[in-house]
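> Got a structure for you, protein28.cif, holding mmCIF, C-alpha atoms.
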data_upload
#
loop_
_atom_site.group_PDB
_atom_site.id
_atom_site.type_symbol
_atom_site.label_atom_id
_atom_site.label_comp_id
_atom_site.auth_asym_id
_atom_site.auth_seq_id
_atom_site.Cartn_x
_atom_site.Cartn_y
_atom_site.Cartn_z
ATOM 1 C CA MET A 171 -114.289 34.228 -28.118
ATOM 2 C CA ALA A 172 -117.908 33.393 -27.277
ATOM 3 C CA GLU A 173 -118.421 36.159 -24.705
ATOM 4 C CA GLY A 174 -121.449 38.292 -25.472
ATOM 5 C CA ILE A 175 -122.797 35.754 -27.949
ATOM 6 C CA PRO A 176 -126.281 34.378 -27.216
ATOM 7 C CA GLY A 177 -125.954 30.756 -26.092
ATOM 8 C CA GLY A 178 -122.357 31.560 -25.247
ATOM 9 C CA GLN A 179 -121.957 28.773 -22.677
ATOM 10 C CA ALA A 180 -122.732 26.084 -25.241
ATOM 11 C CA VAL A 181 -120.453 27.749 -27.765
ATOM 12 C CA ARG A 182 -117.656 27.972 -25.176
ATOM 13 C CA PHE A 183 -118.086 24.257 -24.451
ATOM 14 C CA TRP A 184 -117.692 23.441 -28.146
ATOM 15 C CA GLU A 185 -114.708 25.793 -28.410
ATOM 16 C CA ARG A 186 -113.010 24.006 -25.493
ATOM 17 C CA LEU A 187 -113.820 20.607 -26.992
ATOM 18 C CA ASP A 188 -112.471 21.790 -30.339
ATOM 19 C CA ALA A 189 -109.256 22.954 -28.659
ATOM 20 C CA ALA A 190 -108.847 19.560 -26.953
ATOM 21 C CA ILE A 191 -109.419 17.753 -30.239
ATOM 22 C CA GLY A 192 -106.889 20.090 -31.849
ATOM 23 C CA ARG A 193 -104.270 19.182 -29.253
ATOM 24 C CA LEU A 194 -104.937 15.456 -29.833
ATOM 25 C CA GLU A 195 -104.686 15.960 -33.593
ATOM 26 C CA LEU A 196 -101.411 17.815 -33.248
ATOM 27 C CA ALA A 197 -99.981 15.022 -31.076
ATOM 28 C CA LEU A 198 -101.146 12.387 -33.581
ATOM 29 C CA MET A 199 -99.635 14.435 -36.406
ATOM 30 C CA VAL A 200 -96.249 14.694 -34.699
ATOM 31 C CA LEU A 201 -96.294 10.997 -33.783
ATOM 32 C CA SER A 202 -97.281 9.975 -37.323
ATOM 33 C CA VAL A 203 -94.597 12.083 -39.002
ATOM 34 C CA ALA A 204 -91.953 10.834 -36.552
ATOM 35 C CA LEU A 205 -93.015 7.230 -37.157
ATOM 36 C CA MET A 206 -92.937 7.791 -40.929
ATOM 37 C CA LEU A 207 -89.435 9.208 -40.779
ATOM 38 C CA ALA A 208 -88.151 6.504 -38.435
ATOM 39 C CA THR A 209 -89.680 3.722 -40.537
ATOM 40 C CA ALA A 210 -88.329 5.114 -43.809
ATOM 41 C CA PHE A 211 -84.880 5.648 -42.274
ATOM 42 C CA ALA A 212 -84.820 2.118 -40.798
ATOM 43 C CA GLN A 213 -85.885 0.663 -44.150
ATOM 44 C CA ILE A 214 -83.080 2.493 -45.982
ATOM 45 C CA VAL A 215 -80.453 1.469 -43.445
ATOM 46 C CA LEU A 216 -81.591 -2.155 -43.317
ATOM 47 C CA ARG A 217 -81.671 -2.496 -47.101
ATOM 48 C CA ASN A 218 -78.329 -0.788 -47.721
ATOM 49 C CA VAL A 219 -76.371 -2.178 -44.763
ATOM 50 C CA MET A 220 -77.854 -5.584 -44.094
ATOM 51 C CA GLY A 221 -79.523 -6.375 -47.407
ATOM 52 C CA VAL A 222 -82.923 -6.967 -45.777
ATOM 53 C CA GLY A 223 -86.000 -4.845 -45.427
ATOM 54 C CA LEU A 224 -89.176 -4.524 -43.423
ATOM 55 C CA SER A 225 -91.999 -5.981 -45.516
ATOM 56 C CA TRP A 226 -94.577 -3.871 -43.674
ATOM 57 C CA SER A 227 -92.769 -0.523 -43.836
ATOM 58 C CA GLU A 228 -94.107 0.713 -47.174
ATOM 59 C CA PRO A 229 -97.791 0.014 -46.391
ATOM 60 C CA LEU A 230 -97.305 1.564 -42.948
ATOM 61 C CA VAL A 231 -95.868 4.731 -44.461
ATOM 62 C CA ARG A 232 -98.755 4.875 -46.988
ATOM 63 C CA TYR A 233 -101.332 4.704 -44.185
ATOM 64 C CA LEU A 234 -99.410 7.236 -42.114
ATOM 65 C CA VAL A 235 -99.472 9.622 -45.096
ATOM 66 C CA LEU A 236 -103.256 9.122 -45.199
ATOM 67 C CA TRP A 237 -103.512 9.949 -41.488
ATOM 68 C CA VAL A 238 -101.227 12.987 -41.756
ATOM 69 C CA GLY A 239 -103.223 14.296 -44.723
ATOM 70 C CA PHE A 240 -106.609 13.994 -43.042
ATOM 71 C CA ILE A 241 -105.392 15.270 -39.684
ATOM 72 C CA GLY A 242 -103.742 18.174 -41.503
ATOM 73 C CA ALA A 243 -107.001 18.970 -43.302
ATOM 74 C CA SER A 244 -108.846 18.950 -39.989
ATOM 75 C CA LEU A 245 -106.258 21.212 -38.346
ATOM 76 C CA ALA A 246 -106.402 23.578 -41.328
ATOM 77 C CA THR A 247 -110.169 23.760 -40.864
ATOM 78 C CA ARG A 248 -109.693 24.526 -37.172
ATOM 79 C CA GLU A 249 -107.308 27.377 -37.948
ATOM 80 C CA GLY A 250 -109.414 28.745 -40.808
ATOM 81 C CA ARG A 251 -106.705 27.908 -43.335
ATOM 82 C CA HIS A 252 -108.754 25.599 -45.492
ATOM 83 C CA ILE A 253 -109.454 26.347 -49.138
ATOM 84 C CA THR A 254 -112.074 29.076 -49.471
ATOM 85 C CA ILE A 255 -113.640 31.005 -52.299
ATOM 86 C CA GLU A 256 -113.857 34.634 -51.253
ATOM 87 C CA VAL A 257 -114.953 36.315 -54.477
ATOM 88 C CA PHE A 258 -118.319 37.269 -52.990
ATOM 89 C CA MET A 259 -116.704 38.711 -49.860
ATOM 90 C CA LEU A 260 -115.172 41.691 -51.700
ATOM 91 C CA ARG A 261 -118.182 44.015 -52.048
ATOM 92 C CA PRO A 262 -120.739 43.545 -49.247
ATOM 93 C CA SER A 263 -120.954 45.493 -46.024
ATOM 94 C CA ALA A 264 -119.775 43.974 -42.738
ATOM 95 C CA PRO A 265 -123.170 42.361 -41.967
ATOM 96 C CA GLY A 266 -123.310 41.096 -45.549
ATOM 97 C CA ARG A 267 -119.840 39.573 -45.239
ATOM 98 C CA ARG A 268 -120.929 37.980 -41.992
ATOM 99 C CA TYR A 269 -123.903 36.253 -43.623
ATOM 100 C CA LEU A 270 -121.902 35.276 -46.689
ATOM 101 C CA ALA A 271 -119.281 33.788 -44.379
ATOM 102 C CA ALA A 272 -122.026 31.807 -42.642
ATOM 103 C CA VAL A 273 -123.349 30.545 -45.998
ATOM 104 C CA SER A 274 -119.824 29.565 -47.034
ATOM 105 C CA GLN A 275 -119.303 27.712 -43.741
ATOM 106 C CA MET A 276 -122.678 25.964 -44.140
ATOM 107 C CA CYS A 277 -121.771 24.809 -47.648
ATOM 108 C CA ALA A 278 -118.501 23.401 -46.352
ATOM 109 C CA LEU A 279 -120.416 21.783 -43.479
ATOM 110 C CA VAL A 280 -122.783 20.037 -45.901
ATOM 111 C CA VAL A 281 -119.930 18.806 -48.097
ATOM 112 C CA CYS A 282 -117.941 17.493 -45.119
ATOM 113 C CA ALA A 283 -121.015 15.856 -43.574
ATOM 114 C CA LEU A 284 -121.786 14.094 -46.863
ATOM 115 C CA MET A 285 -118.167 12.997 -47.154
ATOM 116 C CA ALA A 286 -118.240 11.708 -43.565
ATOM 117 C CA TRP A 287 -121.378 9.704 -44.331
ATOM 118 C CA ALA A 288 -119.833 8.254 -47.516
ATOM 119 C CA ALA A 289 -116.610 7.480 -45.645
ATOM 120 C CA VAL A 290 -118.531 5.650 -42.907
ATOM 121 C CA LYS A 291 -120.156 3.522 -45.606
ATOM 122 C CA PHE A 292 -116.759 2.885 -47.222
ATOM 123 C CA VAL A 293 -115.121 1.848 -43.948
ATOM 124 C CA HIS A 294 -118.133 -0.275 -42.979
ATOM 125 C CA ASP A 295 -118.071 -2.056 -46.349
ATOM 126 C CA ASP A 296 -114.348 -2.655 -46.004
ATOM 127 C CA ALA A 297 -114.908 -4.122 -42.538
ATOM 128 C CA GLN A 298 -117.644 -6.401 -43.903
ATOM 129 C CA ILE A 299 -115.379 -7.635 -46.702
ATOM 130 C CA GLY A 300 -112.609 -8.259 -44.203
ATOM 131 C CA HIS A 301 -109.637 -6.775 -46.061
ATOM 132 C CA ARG A 302 -106.380 -6.994 -44.174
ATOM 133 C CA THR A 303 -103.095 -5.192 -44.611
ATOM 134 C CA PHE A 304 -99.590 -5.329 -43.167
ATOM 135 C CA LEU A 305 -99.132 -7.337 -39.979
ATOM 136 C CA ASP A 306 -102.604 -8.776 -40.704
ATOM 137 C CA LEU A 307 -104.326 -5.596 -39.457
ATOM 138 C CA PRO A 308 -107.876 -4.976 -40.688
ATOM 139 C CA THR A 309 -107.767 -2.131 -43.201
ATOM 140 C CA TRP A 310 -110.925 -0.545 -41.806
ATOM 141 C CA ILE A 311 -109.071 0.393 -38.620
ATOM 142 C CA LEU A 312 -106.424 2.272 -40.563
ATOM 143 C CA GLU A 313 -109.046 3.862 -42.832
ATOM 144 C CA SER A 314 -111.143 5.059 -39.891
ATOM 145 C CA ILE A 315 -109.329 8.396 -39.995
ATOM 146 C CA ILE A 316 -111.330 9.307 -43.112
ATOM 147 C CA PRO A 317 -114.821 9.458 -41.551
ATOM 148 C CA ALA A 318 -113.386 10.724 -38.251
ATOM 149 C CA ALA A 319 -111.637 13.669 -39.907
ATOM 150 C CA PHE A 320 -114.666 14.592 -42.017
ATOM 151 C CA ALA A 321 -116.893 14.409 -38.920
ATOM 152 C CA VAL A 322 -114.563 16.696 -36.951
ATOM 153 C CA MET A 323 -114.360 19.108 -39.894
ATOM 154 C CA SER A 324 -118.174 19.100 -40.066
ATOM 155 C CA LEU A 325 -118.400 20.035 -36.397
ATOM 156 C CA ARG A 326 -115.827 22.774 -36.884
ATOM 157 C CA PHE A 327 -117.730 24.237 -39.827
ATOM 158 C CA LEU A 328 -120.921 24.107 -37.747
ATOM 159 C CA LEU A 329 -119.203 26.028 -34.948
ATOM 160 C CA ARG A 330 -117.835 28.574 -37.434
ATOM 161 C CA THR A 331 -121.336 28.981 -38.938
ATOM 162 C CA ILE A 332 -122.858 29.629 -35.524
ATOM 163 C CA LEU A 333 -120.130 32.102 -34.637
ATOM 164 C CA ALA A 334 -120.537 33.927 -37.960
ATOM 165 C CA LEU A 335 -124.313 34.235 -37.500
ATOM 166 C CA ARG A 336 -124.154 35.307 -33.855
ATOM 167 C CA ARG A 337 -121.352 37.817 -34.222
ATOM 168 C CA ASP A 338 -122.146 41.450 -33.392
ATOM 169 C CA SER A 339 -122.676 43.412 -36.589
ATOM 170 C CA ASP A 340 -119.854 45.831 -35.730
ATOM 171 C CA LEU A 341 -117.257 43.115 -36.298
ATOM 172 C CA GLN A 342 -115.893 43.155 -39.820
ATOM 173 C CA ASP A 343 -115.090 39.459 -40.244
ATOM 174 C CA PRO A 344 -115.517 36.431 -38.013
ATOM 175 C CA PRO A 345 -112.060 35.535 -36.724
ATOM 176 C CA PRO A 346 -110.679 32.049 -37.429
ATOM 177 C CA LEU A 347 -111.152 29.493 -34.681
#
Would you give me this structure, written as structure tokens?

Amino acid sequence: MAEGIPGGQAVRFWERLDAAIGRLELALMVLSVALMLATAFAQIVLRNVMGVGLSWSEPLVRYLVLWVGFIGASLATREGRHITIEVFMLRPSAPGRRYLAAVSQMCALVVCALMAWAAVKFVHDDAQIGHRTFLDLPTWILESIIPAAFAVMSLRFLLRTILALRRDSDLQDPPPL
């Protein structure tokens, strides 16, 4: 994808890193969904058959939903399937669309970077307070997906911005990553 783009080696490095992160995210997503299903199924069976339940299953499933949501958002960003506003992309020429795409990616980058910063503060504050959840786990560990996902999305929007700006003008639209 980065062939013929100035600074292509650096871009290719970030593309490879992004692909590796994407594979890790996909594995975490599959593991999280499988664990959610297994935990919910075990809880139903234990309650209906044996009359007992797992006290930690509901909080675990809540945190797994959090992880699946943020990992899903990050994967959607990687694939270019995030929410976009394309009203301004209807009229301009190909170079104009390219620059508008870069501006759009930069806006998303700023929002995600600010959210990552706020999430780091949130997780740090939670760690300082010392909240704990099921199985006496510190909540900040389970909440760490929030700043991590926003940071990864920020990097992906940065890569998409660079690719949009460096694209040859004969390309109509920058392809999704």
> What is the atom CA of A:Ile311 to atom CA of A:Leu328 distance in Å?
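Atom CA of A:Leu328 lies 26.5 Å from atom CA of A:Ile311.
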> Skip stretch 270-285 of chain A itself and residues of its chain fewer than 3 positions away, then list as a PyMOL selection string all residues within 8 Å of it, counting only C-alpha atoms.
chain A and resi 258-259+266-267+288-289+317+320-321+323-325+327-328+330-332+334-335+344
> Spell out the residues picked by the PyMOL selection byres ((chain A and resi 240) around 10) here, as a PyMOL selection string.
chain A and resi 195+199+234-239+241-246+315-320+323
> Taking all atoms listed in the file into account, name the residue in A:Gly300, A:Val290, A:Arg251, A:Val231 that is nearest to A:Ala204.
A:Val231
> With distances taken over all atoms listed in the file, which of A:Ser314, A:Leu196, A:Val222, A:Ser202 is nearest to A:Lys291?
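Among A:Ser314, A:Leu196, A:Val222, A:Ser202, it is A:Ser314 that comes nearest to A:Lys291.
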> Write out as a PyMOL selection string which residues come within 9 Å of stretch 205-212 of chain A when counting all atoms listed in the file, dropping same-chain ones fewer than 5 positions away.
chain A and resi 200+217+223-224+227-228+230-232+234-235
> Produce a file of the selected residues containing C-alpha atoms, as a CSV table (one decimal), in the coordinates of the input.

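In the end it all went to out_38.csv:
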chain,number,residue,atom,x,y,z
A,200,VAL,CA,-96.2,14.7,-34.7
A,217,ARG,CA,-81.7,-2.5,-47.1
A,223,GLY,CA,-86.0,-4.8,-45.4
A,224,LEU,CA,-89.2,-4.5,-43.4
A,227,SER,CA,-92.8,-0.5,-43.8
A,228,GLU,CA,-94.1,0.7,-47.2
A,230,LEU,CA,-97.3,1.6,-42.9
A,231,VAL,CA,-95.9,4.7,-44.5
A,232,ARG,CA,-98.8,4.9,-47.0
A,234,LEU,CA,-99.4,7.2,-42.1
A,235,VAL,CA,-99.5,9.6,-45.1
> Given all atoms listed in the file as the basis, pick out the residue of A:Ala286, A:Leu194, A:Ser225, A:Val293 nearest to A:Leu305.
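Going through A:Ala286, A:Leu194, A:Ser225, A:Val293 one by one, the smallest distance to A:Leu305 is for A:Ser225.
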> Please report the interatomic distance between atom CA of A:Asp295 and atom CA of A:Thr309 in Å with one decimal.
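About the pair atom CA of A:Asp295 and atom CA of A:Thr309: they are 10.8 Å apart.
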> Would you compute the distance between atom CA of A:His294 and atom CA of A:Ala190? Give it in Å to one decimal.
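Distance between the two atoms: 27.1 Å.
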